[in-house]
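Data first, discussion second: the structure below is written as structure tokens.
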Amino acid sequence: MENSLFDINGKIALVTGSTHGLGMAMAKGLGHAGATIIINGNSSQAKIDEAVLEFKNEGITAFGYKFNVALESEVMAAISKIESEVGPIDILINNAGIIKRIPLIEMEVADFKEVVDIDLVSPFIVSKHVAKGMITRQQGKIINICSMMSELGRNGVGAYAAAKGGLKMLTKNMATEWAKYNVQVNGIGPGYFETTQTAPIRVDGHPFNEFIINRTPAAKWGNPNDLSGAAIFLSSKASDFVNGHILYVDGGILATIGKPSNEN
């Protein structure tokens, strides 16, 4: 009984922005749990093909589709093609996103809009069109990838924080509107993780590395695999009465104000 609650074997999961990083880690977690994975990216078909091959080499059934999550026409065409060629989408993880590290006083309006468009508007677009099928079938799981910046501000990432704060509330409103159709919409808020992007700063003596280790009660960076359990839970029957919740996987960052500089 307990195992069946977390069973996602045979489910079809679309994970946007899943050719690398945390998106790939979550997609692999679902794939190793038995889901068929739809890999998405927009940079190049070659990168998608490489990711599909990597998944298949790990025994995961995977297909790749290149489309821009911020363009509704491409999203609609891709979803129609996926559901025709692979099958109905049972699980959607809205992971694709960007960040521009520019102080707000120096940021161009076009840059601000680009971040919001990809990090907030695109989850609305993709969810809207995937949810139509879920509502018809009276079941579905949508997971929006939020952030520490859904709750906290930080210098230089104002546009990203605005988008991720908005995504938290979009998640709650999607849950409010779609729960009656047996569609659960929740979020995952990752803390700071070991990825290829963070590798250059995850070295002894780097100020940000020291800051993260001291700021995180677990006293370490997260392993991308740590997100798999959260993703599987929110994709399975175990979360059928969980809706509009943001699950922070952060090693305890949001639980504390942090350590004083003189505390061991």
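Identifiers in the structure tokens: chain A, B, ... in order shown; residue index from 1 per chain; ligand index from 1 in order shown.
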
Practice task
Using DSSP on the backbone, list every residue of segment 146-240 of chain A that comes out as alpha helix (DSSP H), and give them as a ChimeraX atom specification.
Solution key: /A:158-178,207-215,226-235

Using 10 Å as the limit and counting only C-alpha atoms, can you tabulate each residue of segment 18-137 of chain A that touches segment 213-237 of chain A, with its shortest atom-to-atom distance in Å and the two atoms involved, as a tab-separated table?
```
residue	atom	partner	partner_atom	distance
A:Gly21	CA	A:Pro224	CA	7.9
A:Leu22	CA	A:Pro224	CA	5.9
A:Gly23	CA	A:Pro224	CA	9.1
A:Met24	CA	A:Pro224	CA	9.0
A:Ala25	CA	A:Pro224	CA	5.8
A:Met26	CA	A:Ser228	CA	5.2
A:Ala27	CA	A:Ser228	CA	8.1
A:Lys28	CA	A:Ser228	CA	8.0
A:Gly29	CA	A:Ser228	CA	4.8
A:Leu30	CA	A:Ile232	CA	6.1
A:Gly31	CA	A:Ile232	CA	9.8
A:His32	CA	A:Ser228	CA	9.6
A:Ala33	CA	A:Ile232	CA	7.8
A:Ala35	CA	A:Ile232	CA	9.7
A:Asp90	CA	A:Ser235	CA	8.5
A:Ile91	CA	A:Ser235	CA	6.3
A:Leu92	CA	A:Ser235	CA	8.6
A:Ile93	CA	A:Ala231	CA	8.6
```

Generate a file of the selected residues that holds C-alpha atoms, formatted as a PDB file, in the first residue's frame.
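Written out: again_20.pdb:
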```pdb
ATOM      1  CA  GLY A  21      21.063  21.137 -14.162  1.00  0.00           C
ATOM      2  CA  LEU A  22      18.255  20.721 -11.663  1.00  0.00           C
ATOM      3  CA  GLY A  23      15.668  20.143 -14.384  1.00  0.00           C
ATOM      4  CA  MET A  24      17.620  17.157 -15.659  1.00  0.00           C
ATOM      5  CA  ALA A  25      18.116  15.874 -12.094  1.00  0.00           C
ATOM      6  CA  MET A  26      14.376  15.955 -11.363  1.00  0.00           C
ATOM      7  CA  ALA A  27      13.551  14.410 -14.742  1.00  0.00           C
ATOM      8  CA  LYS A  28      16.010  11.583 -14.078  1.00  0.00           C
ATOM      9  CA  GLY A  29      14.502  11.057 -10.638  1.00  0.00           C
ATOM     10  CA  LEU A  30      11.041  10.623 -12.170  1.00  0.00           C
ATOM     11  CA  GLY A  31      12.476   8.463 -14.941  1.00  0.00           C
ATOM     12  CA  HIS A  32      14.228   6.082 -12.560  1.00  0.00           C
ATOM     13  CA  ALA A  33      10.903   5.812 -10.705  1.00  0.00           C
ATOM     14  CA  ALA A  35       7.902   7.605 -15.617  1.00  0.00           C
ATOM     15  CA  ASP A  90       0.170  13.182 -16.538  1.00  0.00           C
ATOM     16  CA  ILE A  91       2.860  15.281 -14.859  1.00  0.00           C
ATOM     17  CA  LEU A  92       4.171  18.739 -15.751  1.00  0.00           C
ATOM     18  CA  ILE A  93       7.212  20.304 -14.109  1.00  0.00           C
TER      19      ILE A  93
END
```

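Residues of segment 67-233 of chain A that DSSP places in strand (DSSP E), based on the backbone of this structure, are Ile91, Leu92, Ile93, Asn94, Gly140, Lys141, Ile142, Ile143, Asn144, Ile145, Val183, Gln184, Val185, Asn186, Gly187, Ile188, Gly189 and Pro190 of chain A.
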
Just write the chosen residues, C-alpha atoms, as a PDB file, in the first residue's frame.
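Full text of part36.pdb as output:
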```pdb
ATOM      1  CA  ILE A  91       2.860  15.281 -14.859  1.00  0.00           C
ATOM      2  CA  LEU A  92       4.171  18.739 -15.751  1.00  0.00           C
ATOM      3  CA  ILE A  93       7.212  20.304 -14.109  1.00  0.00           C
ATOM      4  CA  ASN A  94       7.661  23.961 -15.062  1.00  0.00           C
ATOM      5  CA  GLY A 140      -3.015  15.580 -13.245  1.00  0.00           C
ATOM      6  CA  LYS A 141       0.001  16.898 -11.368  1.00  0.00           C
ATOM      7  CA  ILE A 142       1.650  20.264 -12.020  1.00  0.00           C
ATOM      8  CA  ILE A 143       4.820  21.318 -10.212  1.00  0.00           C
ATOM      9  CA  ASN A 144       6.161  24.861 -10.558  1.00  0.00           C
ATOM     10  CA  ILE A 145       9.818  25.337  -9.675  1.00  0.00           C
ATOM     11  CA  VAL A 183      -5.567  18.413 -10.633  1.00  0.00           C
ATOM     12  CA  GLN A 184      -2.977  19.143  -7.954  1.00  0.00           C
ATOM     13  CA  VAL A 185      -0.705  22.154  -8.470  1.00  0.00           C
ATOM     14  CA  ASN A 186       2.223  22.602  -6.108  1.00  0.00           C
ATOM     15  CA  GLY A 187       5.714  24.067  -6.141  1.00  0.00           C
ATOM     16  CA  ILE A 188       9.229  23.088  -5.205  1.00  0.00           C
ATOM     17  CA  GLY A 189      11.596  25.758  -3.900  1.00  0.00           C
ATOM     18  CA  PRO A 190      15.189  24.566  -4.240  1.00  0.00           C
TER      19      PRO A 190
END
```

Nearby residues (only C-alpha atoms) at most 9 Å from Asn40 of chain A, same-chain spacing under 5 positions excluded, as a short mmCIF file (atom, residue, chain, number, x, y, z; two decimals) with all heavy atoms, in the first residue's frame:
```
data_model
loop_
_atom_site.label_atom_id
_atom_site.label_comp_id
_atom_site.auth_asym_id
_atom_site.auth_seq_id
_atom_site.Cartn_x
_atom_site.Cartn_y
_atom_site.Cartn_z
N LEU A 14 6.31 15.75 -18.53
CA LEU A 14 6.99 16.80 -19.29
C LEU A 14 7.74 17.69 -18.30
O LEU A 14 7.14 18.26 -17.39
CB LEU A 14 5.98 17.63 -20.08
CG LEU A 14 6.47 18.96 -20.66
CD1 LEU A 14 7.63 18.75 -21.65
CD2 LEU A 14 5.32 19.71 -21.34
N VAL A 15 9.05 17.80 -18.48
CA VAL A 15 9.87 18.65 -17.62
C VAL A 15 10.53 19.70 -18.52
O VAL A 15 11.38 19.38 -19.35
CB VAL A 15 10.95 17.84 -16.88
CG1 VAL A 15 11.73 18.75 -15.92
CG2 VAL A 15 10.32 16.67 -16.11
N THR A 16 10.13 20.95 -18.37
CA THR A 16 10.72 21.99 -19.21
C THR A 16 12.12 22.34 -18.70
O THR A 16 12.42 22.23 -17.52
CB THR A 16 9.83 23.26 -19.23
OG1 THR A 16 9.83 23.88 -17.94
CG2 THR A 16 8.40 22.92 -19.65
N GLY A 17 12.97 22.74 -19.63
CA GLY A 17 14.34 23.09 -19.26
C GLY A 17 15.08 21.93 -18.63
O GLY A 17 15.76 22.10 -17.62
N SER A 18 14.98 20.75 -19.25
CA SER A 18 15.50 19.54 -18.60
C SER A 18 16.72 18.94 -19.29
O SER A 18 17.03 17.77 -19.10
CB SER A 18 14.39 18.49 -18.50
OG SER A 18 13.74 18.31 -19.75
N THR A 19 17.43 19.73 -20.09
CA THR A 19 18.62 19.21 -20.75
C THR A 19 19.86 19.31 -19.87
O THR A 19 20.93 18.82 -20.25
CB THR A 19 18.90 19.97 -22.07
OG1 THR A 19 19.09 21.37 -21.77
CG2 THR A 19 17.75 19.80 -23.05
N ILE A 48 19.25 18.63 -26.95
CA ILE A 48 18.13 17.77 -26.58
C ILE A 48 18.43 16.31 -26.92
O ILE A 48 18.20 15.41 -26.11
CB ILE A 48 16.83 18.23 -27.28
CG1 ILE A 48 16.39 19.59 -26.72
CG2 ILE A 48 15.72 17.20 -27.09
CD1 ILE A 48 15.21 20.20 -27.44
N PHE A 63 11.88 11.10 -24.51
CA PHE A 63 11.70 11.72 -25.82
C PHE A 63 12.04 13.20 -25.68
O PHE A 63 11.87 13.78 -24.61
CB PHE A 63 10.25 11.55 -26.30
CG PHE A 63 9.80 10.13 -26.38
CD1 PHE A 63 9.25 9.48 -25.27
CD2 PHE A 63 9.92 9.41 -27.56
CE1 PHE A 63 8.83 8.16 -25.33
CE2 PHE A 63 9.49 8.08 -27.64
CZ PHE A 63 8.96 7.47 -26.52
N GLY A 64 12.52 13.79 -26.76
CA GLY A 64 12.91 15.19 -26.70
C GLY A 64 12.12 16.06 -27.64
O GLY A 64 11.88 15.68 -28.80
N TYR A 65 11.73 17.26 -27.16
CA TYR A 65 10.98 18.21 -27.98
C TYR A 65 11.53 19.62 -27.76
O TYR A 65 11.57 20.10 -26.63
CB TYR A 65 9.49 18.18 -27.63
CG TYR A 65 8.79 16.92 -28.09
CD1 TYR A 65 8.85 15.76 -27.32
CD2 TYR A 65 8.11 16.88 -29.29
CE1 TYR A 65 8.22 14.59 -27.74
CE2 TYR A 65 7.47 15.72 -29.73
CZ TYR A 65 7.54 14.58 -28.95
OH TYR A 65 6.93 13.42 -29.37
N LYS A 66 11.95 20.24 -28.84
CA LYS A 66 12.47 21.61 -28.78
C LYS A 66 11.34 22.59 -29.00
O LYS A 66 10.67 22.56 -30.04
CB LYS A 66 13.56 21.81 -29.84
CG LYS A 66 14.17 23.21 -29.84
CD LYS A 66 15.23 23.34 -30.93
CE LYS A 66 15.86 24.72 -30.95
NZ LYS A 66 14.88 25.80 -31.27
N PHE A 67 11.10 23.44 -28.00
CA PHE A 67 10.15 24.54 -28.18
C PHE A 67 10.39 25.61 -27.12
O PHE A 67 10.94 25.34 -26.05
CB PHE A 67 8.69 24.05 -28.13
CG PHE A 67 8.27 23.38 -26.84
CD1 PHE A 67 7.67 24.10 -25.82
CD2 PHE A 67 8.44 22.01 -26.67
CE1 PHE A 67 7.26 23.49 -24.64
CE2 PHE A 67 8.03 21.38 -25.50
CZ PHE A 67 7.45 22.12 -24.48
N ASN A 68 9.99 26.82 -27.47
CA ASN A 68 10.16 27.98 -26.59
C ASN A 68 8.94 28.07 -25.68
O ASN A 68 7.83 28.33 -26.15
CB ASN A 68 10.31 29.25 -27.43
CG ASN A 68 10.64 30.47 -26.58
OD1 ASN A 68 10.39 30.50 -25.37
ND2 ASN A 68 11.22 31.48 -27.20
N VAL A 69 9.15 27.88 -24.37
CA VAL A 69 8.03 27.86 -23.42
C VAL A 69 7.35 29.22 -23.30
O VAL A 69 6.23 29.31 -22.77
CB VAL A 69 8.49 27.38 -22.03
CG1 VAL A 69 8.89 25.92 -22.06
CG2 VAL A 69 9.62 28.26 -21.48
N ALA A 96 11.89 25.48 -16.61
CA ALA A 96 12.67 26.40 -17.45
C ALA A 96 12.68 27.80 -16.84
O ALA A 96 11.65 28.30 -16.38
CB ALA A 96 12.09 26.44 -18.86
#
```

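Counting only C-alpha atoms, Arg202 of chain A has the following residues at most 12 Å away, ignoring those fewer than 6 positions along the same chain: Tyr192, Phe193, Glu194, Thr195, Thr196, Phe208, Asn209, Glu210, Phe211, Ile212, Ile213, Lys220, Trp221 and Gly222 of chain A.
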
Show me, as a PDB file with all heavy atoms, in the first residue's frame, the residues that have an atom within 8 Å of Pro88 of chain A when counting only C-alpha atoms, minus same-chain residues fewer than 6 positions from it.
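out.pdb was written with the following content:
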```pdb
ATOM      1  N   ILE A  12       3.447   9.818 -17.855  1.00  0.00           N
ATOM      2  CA  ILE A  12       4.195  10.640 -18.805  1.00  0.00           C
ATOM      3  C   ILE A  12       4.429  12.007 -18.187  1.00  0.00           C
ATOM      4  O   ILE A  12       3.481  12.689 -17.788  1.00  0.00           O
ATOM      5  CB  ILE A  12       3.438  10.775 -20.138  1.00  0.00           C
ATOM      6  CG1 ILE A  12       3.306   9.401 -20.804  1.00  0.00           C
ATOM      7  CG2 ILE A  12       4.150  11.753 -21.069  1.00  0.00           C
ATOM      8  CD1 ILE A  12       2.445   9.397 -22.051  1.00  0.00           C
ATOM      9  N   ILE A  82       3.216  16.050 -28.668  1.00  0.00           N
ATOM     10  CA  ILE A  82       3.596  15.122 -27.601  1.00  0.00           C
ATOM     11  C   ILE A  82       2.457  14.153 -27.301  1.00  0.00           C
ATOM     12  O   ILE A  82       2.650  12.935 -27.217  1.00  0.00           O
ATOM     13  CB  ILE A  82       3.989  15.892 -26.322  1.00  0.00           C
ATOM     14  CG1 ILE A  82       5.314  16.644 -26.530  1.00  0.00           C
ATOM     15  CG2 ILE A  82       4.100  14.944 -25.122  1.00  0.00           C
ATOM     16  CD1 ILE A  82       5.603  17.690 -25.469  1.00  0.00           C
ATOM     17  N   GLY A 133      -6.067  19.183 -20.923  1.00  0.00           N
ATOM     18  CA  GLY A 133      -6.189  17.739 -21.036  1.00  0.00           C
ATOM     19  C   GLY A 133      -6.364  17.076 -19.687  1.00  0.00           C
ATOM     20  O   GLY A 133      -7.132  16.119 -19.536  1.00  0.00           O
TER      21      GLY A 133
END
```

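Atom pair atom CA of Ala199 of chain A / atom CA of Gln45 of chain A has a distance of 25.6 Å (rounded to one decimal).
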
Practice task
Would you mind listing what lies within 9 Å of Met76 of chain A as number ranges by chain, with only C-alpha atoms counted and same-chain residues fewer than 5 positions away left out?
Solution key: A: 71, 81, 125-126, 129-130

Fill in the blank from the handout: Computed gap from atom CA of Ile105 of chain A to atom CA of Cys146 of chain A is 24.3 Å

Give me, as a tab-separated table, the closest atom pair and its distance (Å, one decimal) for every residue of segment 117-154 of chain A within a cut-off of 10 Å of segment 167-179 of chain A, counting only C-alpha atoms, rows sorted by chain and rising number.
```
residue	atom	partner	partner_atom	distance
A:Asp119	CA	A:Leu167	CA	7.8
A:Leu120	CA	A:Leu167	CA	5.6
A:Val121	CA	A:Leu167	CA	8.7
A:Pro123	CA	A:Leu167	CA	8.0
A:Phe124	CA	A:Leu170	CA	7.8
A:Ser127	CA	A:Met174	CA	8.8
A:Lys128	CA	A:Met174	CA	9.1
A:Ala131	CA	A:Trp178	CA	8.3
A:Lys132	CA	A:Trp178	CA	9.9
A:Met134	CA	A:Trp178	CA	9.5
A:Ile135	CA	A:Trp178	CA	7.6
A:Gln138	CA	A:Ala179	CA	9.7
A:Gln139	CA	A:Ala179	CA	9.4
A:Gly140	CA	A:Trp178	CA	9.7
A:Ile142	CA	A:Thr171	CA	8.9
A:Ile143	CA	A:Thr171	CA	8.2
A:Asn144	CA	A:Thr171	CA	6.8
A:Ile145	CA	A:Leu167	CA	8.2
A:Cys146	CA	A:Lys168	CA	6.4
A:Ser147	CA	A:Lys168	CA	8.7
A:Met149	CA	A:Lys168	CA	9.9
A:Ser150	CA	A:Lys168	CA	6.3
A:Glu151	CA	A:Lys168	CA	8.8
```

Dump as a CSV table (one decimal), in the first residue's frame, selection limited to N, CA and C atoms:
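Result file follows (part-v4.csv):
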```csv
chain,number,residue,atom,x,y,z
A,119,ASP,N,10.2,33.3,-16.6
A,119,ASP,CA,10.1,32.7,-15.3
A,119,ASP,C,8.7,32.7,-14.7
A,120,LEU,N,7.8,33.5,-15.2
A,120,LEU,CA,6.5,33.6,-14.7
A,120,LEU,C,5.4,33.4,-15.7
A,121,VAL,N,5.5,34.1,-16.9
A,121,VAL,CA,4.5,34.0,-17.9
A,121,VAL,C,4.5,32.6,-18.5
A,123,PRO,N,5.3,29.5,-17.3
A,123,PRO,CA,4.6,28.5,-16.5
A,123,PRO,C,3.1,28.6,-16.7
A,124,PHE,N,2.6,29.9,-16.8
A,124,PHE,CA,1.2,30.1,-17.0
A,124,PHE,C,0.8,29.5,-18.4
A,127,SER,N,1.2,25.5,-18.4
A,127,SER,CA,0.2,24.9,-17.5
A,127,SER,C,-1.2,25.0,-18.1
A,128,LYS,N,-1.5,26.2,-18.6
A,128,LYS,CA,-2.9,26.4,-19.2
A,128,LYS,C,-3.2,25.4,-20.2
A,131,ALA,N,-3.0,21.7,-18.7
A,131,ALA,CA,-4.2,21.5,-17.8
A,131,ALA,C,-5.5,21.2,-18.5
A,132,LYS,N,-5.6,21.7,-19.7
A,132,LYS,CA,-6.9,21.4,-20.4
A,132,LYS,C,-7.1,19.9,-20.6
A,134,MET,N,-5.7,17.6,-18.7
A,134,MET,CA,-5.8,17.0,-17.3
A,134,MET,C,-7.2,17.2,-16.8
A,135,ILE,N,-7.8,18.4,-17.1
A,135,ILE,CA,-9.1,18.6,-16.6
A,135,ILE,C,-10.1,17.7,-17.3
A,138,GLN,N,-9.7,14.4,-15.7
A,138,GLN,CA,-10.0,14.5,-14.3
A,138,GLN,C,-8.8,14.0,-13.4
A,139,GLN,N,-7.6,14.3,-13.9
A,139,GLN,CA,-6.4,14.0,-13.0
A,139,GLN,C,-5.2,14.6,-13.6
A,140,GLY,N,-4.3,15.0,-12.8
A,140,GLY,CA,-3.0,15.6,-13.2
A,140,GLY,C,-2.2,16.2,-12.1
A,142,ILE,N,0.8,19.2,-11.5
A,142,ILE,CA,1.7,20.3,-12.0
A,142,ILE,C,2.6,20.7,-10.9
A,143,ILE,N,3.8,20.9,-11.2
A,143,ILE,CA,4.8,21.3,-10.2
A,143,ILE,C,5.6,22.5,-10.8
A,144,ASN,N,5.4,23.7,-10.1
A,144,ASN,CA,6.2,24.9,-10.6
A,144,ASN,C,7.4,25.0,-9.7
A,145,ILE,N,8.6,25.2,-10.4
A,145,ILE,CA,9.8,25.3,-9.7
A,145,ILE,C,10.0,26.8,-9.2
A,146,CYS,N,9.8,27.0,-7.9
A,146,CYS,CA,9.9,28.3,-7.3
A,146,CYS,C,11.4,28.5,-6.9
A,147,SER,N,11.6,29.2,-5.8
A,147,SER,CA,13.0,29.5,-5.4
A,147,SER,C,13.0,30.1,-4.0
A,149,MET,N,14.0,32.8,-3.6
A,149,MET,CA,13.6,34.2,-3.9
A,149,MET,C,12.1,34.3,-4.1
A,150,SER,N,11.4,33.2,-3.9
A,150,SER,CA,9.9,33.3,-3.7
A,150,SER,C,9.5,33.9,-2.4
A,151,GLU,N,10.5,33.8,-1.4
A,151,GLU,CA,10.3,34.3,-0.1
A,151,GLU,C,11.2,35.4,0.4
```
